[in-house]
Amino acid sequence: MTTDRDPYDSSTFDIREFTLTAQGTLRAELDLAPFETAPLGPDELRLLRHLGRLESATMEHLRNLLVTATHKDARVTAFLVTWAFEKYWIADAVDAVLEANGEPRLKDVEEGPRRHSPAEAVERRGPITRAIEAIGRGVPIVAVHMTTGLVDEWVMRHAYDVLVERAGSPALTAIVERLRTVKARHEEFFDVEARWRLEDSARAVKQTRASLSTAVWPLGAVERSDAERTFFDAAVWGGAAGHLRADAVGDRVASLPGLDASVGAAVTRKLTA
């Protein structure tokens with residue numbers, strides 16, 4: 001696998017520009033006044049809170065990535081540090097919306113017990129276990145992390161779509177669109193990195209195929225409460241419309257280099273299970 005790339009190569013994604021223009025707090029840009037007279041409904045607030053918790057789960061995810069060969073890639077590490085910073089402020093923007101609707105912040109509400117499914121045991125591995133397992137996987141594991149990051153962006157995009165559609169709030173729509181401008185660069189980086197790494201290495205493809213077949217979506221979901229995950233899955237992937245959204249994610253997975261319809265179908269099944 002070819003890895004001798006300039007970490008600041010801007011031919012595909014300008015990592016230097018990304019790190020220098022990282023998005024900090026968004027609160028000053030958010031128009032929250034409309035929520036005083038037209039607050040969001042309880043289900044929409046519940047979905048928004050779950051999305052905020054997923055956005056704020058960055059450090060949990062990074063802990064698992066950076067005990068592997070991923071931390072040796074300067075380009076990826078530069079991105080991940082900045083990505084974590086921006087995700088923190090995305091979650092803070094969600095907090096701002098919750099507060100404007102008279103709701104407590106994300107961290108001020110207990111989530112409830114987590115789901116303990118044997119099928120998700122592989123996703124509950126701690127950093128020590130992951131570090132030991134990663135020794136034999138080597139550099140191709142970076143492709144796994146980039147591809148799962150990309151798929152997660154696709155999954156979260158659909159979740160935000162559902163939130164906006166259900167809320168029917170112009171104020172919330174404007175805020176979500178602002179968050180999307182931040183998240184767009186995240187998706188772009190994951191897309192660029194995942195594609196060239198999958199094209200470059202058969203081992204990367206093999207590892208990615210295996211990982212996608214067991215991944216739990218969205219990333220960080222295994223740390224969330226069982227009740228909130230059930231609510232989220234029903235809202236986003238339930239019914240005929242939800243299955244179409246899941247199929248759309250599966251189709252995009254199948255189109256990635258080295259992957260195919262069987263991998264896409266596995267992701268779709270995990271979303272709608």
# chains A, B, ... in the order shown; residues from 1 in each chain; ligands from 1
>>> residues_around(residues="segment 248-263 of chain A", least_positions_apart="2", cutoff="6 Å", atoms="only C-alpha atoms", output="list in words")
Leu198, Glu199, Val205, Arg245, Ala246, Ala265, Ala266, Val267 and Thr268 of chain A
>>> write_last_selection(atoms="C-alpha atoms", output="short mmCIF file (atom, residue, chain, number, x, y, z; two decimals), in the first residue's frame")
data_model
loop_
_atom_site.label_atom_id
_atom_site.label_comp_id
_atom_site.auth_asym_id
_atom_site.auth_seq_id
_atom_site.Cartn_x
_atom_site.Cartn_y
_atom_site.Cartn_z
CA LEU A 198 -9.47 1.27 -1.16
CA GLU A 199 -8.19 1.58 -4.72
CA VAL A 205 -10.70 -3.62 0.87
CA ARG A 245 -33.19 5.90 3.02
CA ALA A 246 -31.36 2.80 4.25
CA ALA A 265 -26.90 -4.85 1.67
CA ALA A 266 -25.12 -5.69 4.94
CA VAL A 267 -25.07 -2.01 5.90
CA THR A 268 -28.73 -1.63 4.95
#
>>> residues_around(residues="Ala221 of chain A", least_positions_apart="5", cutoff="9 Å", atoms="only C-alpha atoms", output="list in words")
Leu54, Ala57, Val216 and Arg229 of chain A
>>> write_last_selection(atoms="all heavy atoms", output="short mmCIF file (atom, residue, chain, number, x, y, z; two decimals), in the first residue's frame")
data_model
loop_
_atom_site.label_atom_id
_atom_site.label_comp_id
_atom_site.auth_asym_id
_atom_site.auth_seq_id
_atom_site.Cartn_x
_atom_site.Cartn_y
_atom_site.Cartn_z
N LEU A 54 -24.68 12.12 19.54
CA LEU A 54 -23.83 11.44 18.57
C LEU A 54 -22.70 12.36 18.10
O LEU A 54 -21.55 11.93 17.95
CB LEU A 54 -24.66 10.97 17.37
CG LEU A 54 -25.65 9.84 17.66
CD1 LEU A 54 -26.61 9.67 16.50
CD2 LEU A 54 -24.92 8.54 17.96
N ALA A 57 -19.89 12.58 20.63
CA ALA A 57 -19.22 11.32 20.98
C ALA A 57 -17.86 11.18 20.31
O ALA A 57 -17.30 10.09 20.27
CB ALA A 57 -20.11 10.14 20.60
N VAL A 216 -21.89 -0.67 13.82
CA VAL A 216 -23.15 -0.17 14.35
C VAL A 216 -23.27 1.30 13.97
O VAL A 216 -22.35 2.08 14.21
CB VAL A 216 -23.22 -0.33 15.89
CG1 VAL A 216 -24.50 0.26 16.44
CG2 VAL A 216 -23.09 -1.81 16.27
N ARG A 229 -31.84 4.89 21.18
CA ARG A 229 -31.47 4.27 19.90
C ARG A 229 -32.69 3.69 19.21
O ARG A 229 -32.84 3.81 17.98
CB ARG A 229 -30.44 3.16 20.15
CG ARG A 229 -29.06 3.67 20.50
CD ARG A 229 -28.11 2.51 20.76
NE ARG A 229 -27.97 1.66 19.58
CZ ARG A 229 -27.28 0.52 19.58
NH1 ARG A 229 -26.70 0.09 20.68
NH2 ARG A 229 -27.18 -0.19 18.47
#
>>> atom_distance(atom1="atom CA of Asp161 of chain A", atom2="atom CA of Gly242 of chain A")
11.2 Å
>>> closest_residue(among="A:Thr147, A:Thr82, A:Ser201, A:Ser56", to="Gly220 of chain A", atoms="only C-alpha atoms")
A:Ser56
>>> atom_distance(atom1="atom CA of Ala93 of chain A", atom2="atom CA of Val182 of chain A")
11.7 Å
>>> select_by_dssp(residues="segment 61-262 of chain A", states="helix (DSSP H, G or I)", output="count of residues only")
159
>>> residues_around(residues="Arg115 of chain A", least_positions_apart="5", cutoff="9 Å", atoms="only C-alpha atoms", output="list in words")
Glu120, Val222, Glu223, Arg224, Ser225, Asp226, Ala227 and Arg229 of chain A
>>> closest_atom_pairs(of="segment 143-200 of chain A", to="segment 16-19 of chain A", cutoff="12 Å", atoms="only C-alpha atoms", output="JSON lines")
{"residue": "A:Val182", "atom": "CA", "partner": "A:Phe18", "partner_atom": "CA", "distance": 10.5}
{"residue": "A:Lys183", "atom": "CA", "partner": "A:Phe18", "partner_atom": "CA", "distance": 11.9}
{"residue": "A:Ala184", "atom": "CA", "partner": "A:Phe18", "partner_atom": "CA", "distance": 11.6}
{"residue": "A:Arg185", "atom": "CA", "partner": "A:Phe18", "partner_atom": "CA", "distance": 8.1}
{"residue": "A:His186", "atom": "CA", "partner": "A:Phe18", "partner_atom": "CA", "distance": 9.6}
{"residue": "A:Glu188", "atom": "CA", "partner": "A:Phe18", "partner_atom": "CA", "distance": 11.1}
{"residue": "A:Phe189", "atom": "CA", "partner": "A:Phe18", "partner_atom": "CA", "distance": 9.8}
>>> atom_distance(atom1="atom CA of Leu30 of chain A", atom2="atom CA of Phe232 of chain A")
24.8 Å
>>> closest_residue(among="A:Met59, A:Ala78, A:Val142, A:Val67", to="Leu219 of chain A", atoms="only C-alpha atoms")
A:Met59
>>> closest_residue(among="A:Leu244, A:Ala204, A:Val151, A:Ala100", to="Arg27 of chain A", atoms="only C-alpha atoms")
A:Ala100
>>> residues_around(residues="segment 31-35 of chain A", least_positions_apart="6", cutoff="9 Å", atoms="only C-alpha atoms", output="VMD selection string")
chain A and resid 96 to 97 100 to 101 169 to 172 174 to 175
>>> write_last_selection(atoms="N, CA and C atoms", output="mmCIF file, in the first residue's frame")
data_model
loop_
_atom_site.group_PDB
_atom_site.id
_atom_site.type_symbol
_atom_site.label_atom_id
_atom_site.label_comp_id
_atom_site.auth_asym_id
_atom_site.auth_seq_id
_atom_site.Cartn_x
_atom_site.Cartn_y
_atom_site.Cartn_z
ATOM 1 N N ALA A 96 -27.478 24.927 22.089
ATOM 2 C CA ALA A 96 -28.080 26.252 21.991
ATOM 3 C C ALA A 96 -29.545 26.159 21.565
ATOM 4 N N VAL A 97 -29.828 25.273 20.607
ATOM 5 C CA VAL A 97 -31.210 25.092 20.150
ATOM 6 C C VAL A 97 -32.060 24.483 21.262
ATOM 7 N N ALA A 100 -32.830 27.141 23.773
ATOM 8 C CA ALA A 100 -33.807 28.103 23.249
ATOM 9 C C ALA A 100 -35.224 27.538 23.299
ATOM 10 N N ASN A 101 -35.332 26.207 23.342
ATOM 11 C CA ASN A 101 -36.632 25.551 23.441
ATOM 12 C C ASN A 101 -36.978 25.177 24.882
ATOM 13 N N SER A 169 -39.794 23.550 10.706
ATOM 14 C CA SER A 169 -39.432 24.832 11.305
ATOM 15 C C SER A 169 -38.391 25.535 10.448
ATOM 16 N N PRO A 170 -38.726 26.681 9.864
ATOM 17 C CA PRO A 170 -37.728 27.412 9.078
ATOM 18 C C PRO A 170 -36.482 27.758 9.888
ATOM 19 N N ALA A 171 -36.675 28.065 11.169
ATOM 20 C CA ALA A 171 -35.534 28.412 12.022
ATOM 21 C C ALA A 171 -34.595 27.222 12.176
ATOM 22 N N LEU A 172 -35.168 26.048 12.422
ATOM 23 C CA LEU A 172 -34.339 24.850 12.575
ATOM 24 C C LEU A 172 -33.689 24.479 11.246
ATOM 25 N N ALA A 174 -32.700 26.438 8.881
ATOM 26 C CA ALA A 174 -31.558 27.331 8.655
ATOM 27 C C ALA A 174 -30.359 26.917 9.495
ATOM 28 N N ILE A 175 -30.614 26.502 10.733
ATOM 29 C CA ILE A 175 -29.522 26.095 11.616
ATOM 30 C C ILE A 175 -28.897 24.792 11.120
#
>>> closest_residue(among="A:Asp73, A:Glu153, A:Asp233, A:Glu165", to="Arg180 of chain A", atoms="only C-alpha atoms")
A:Glu153
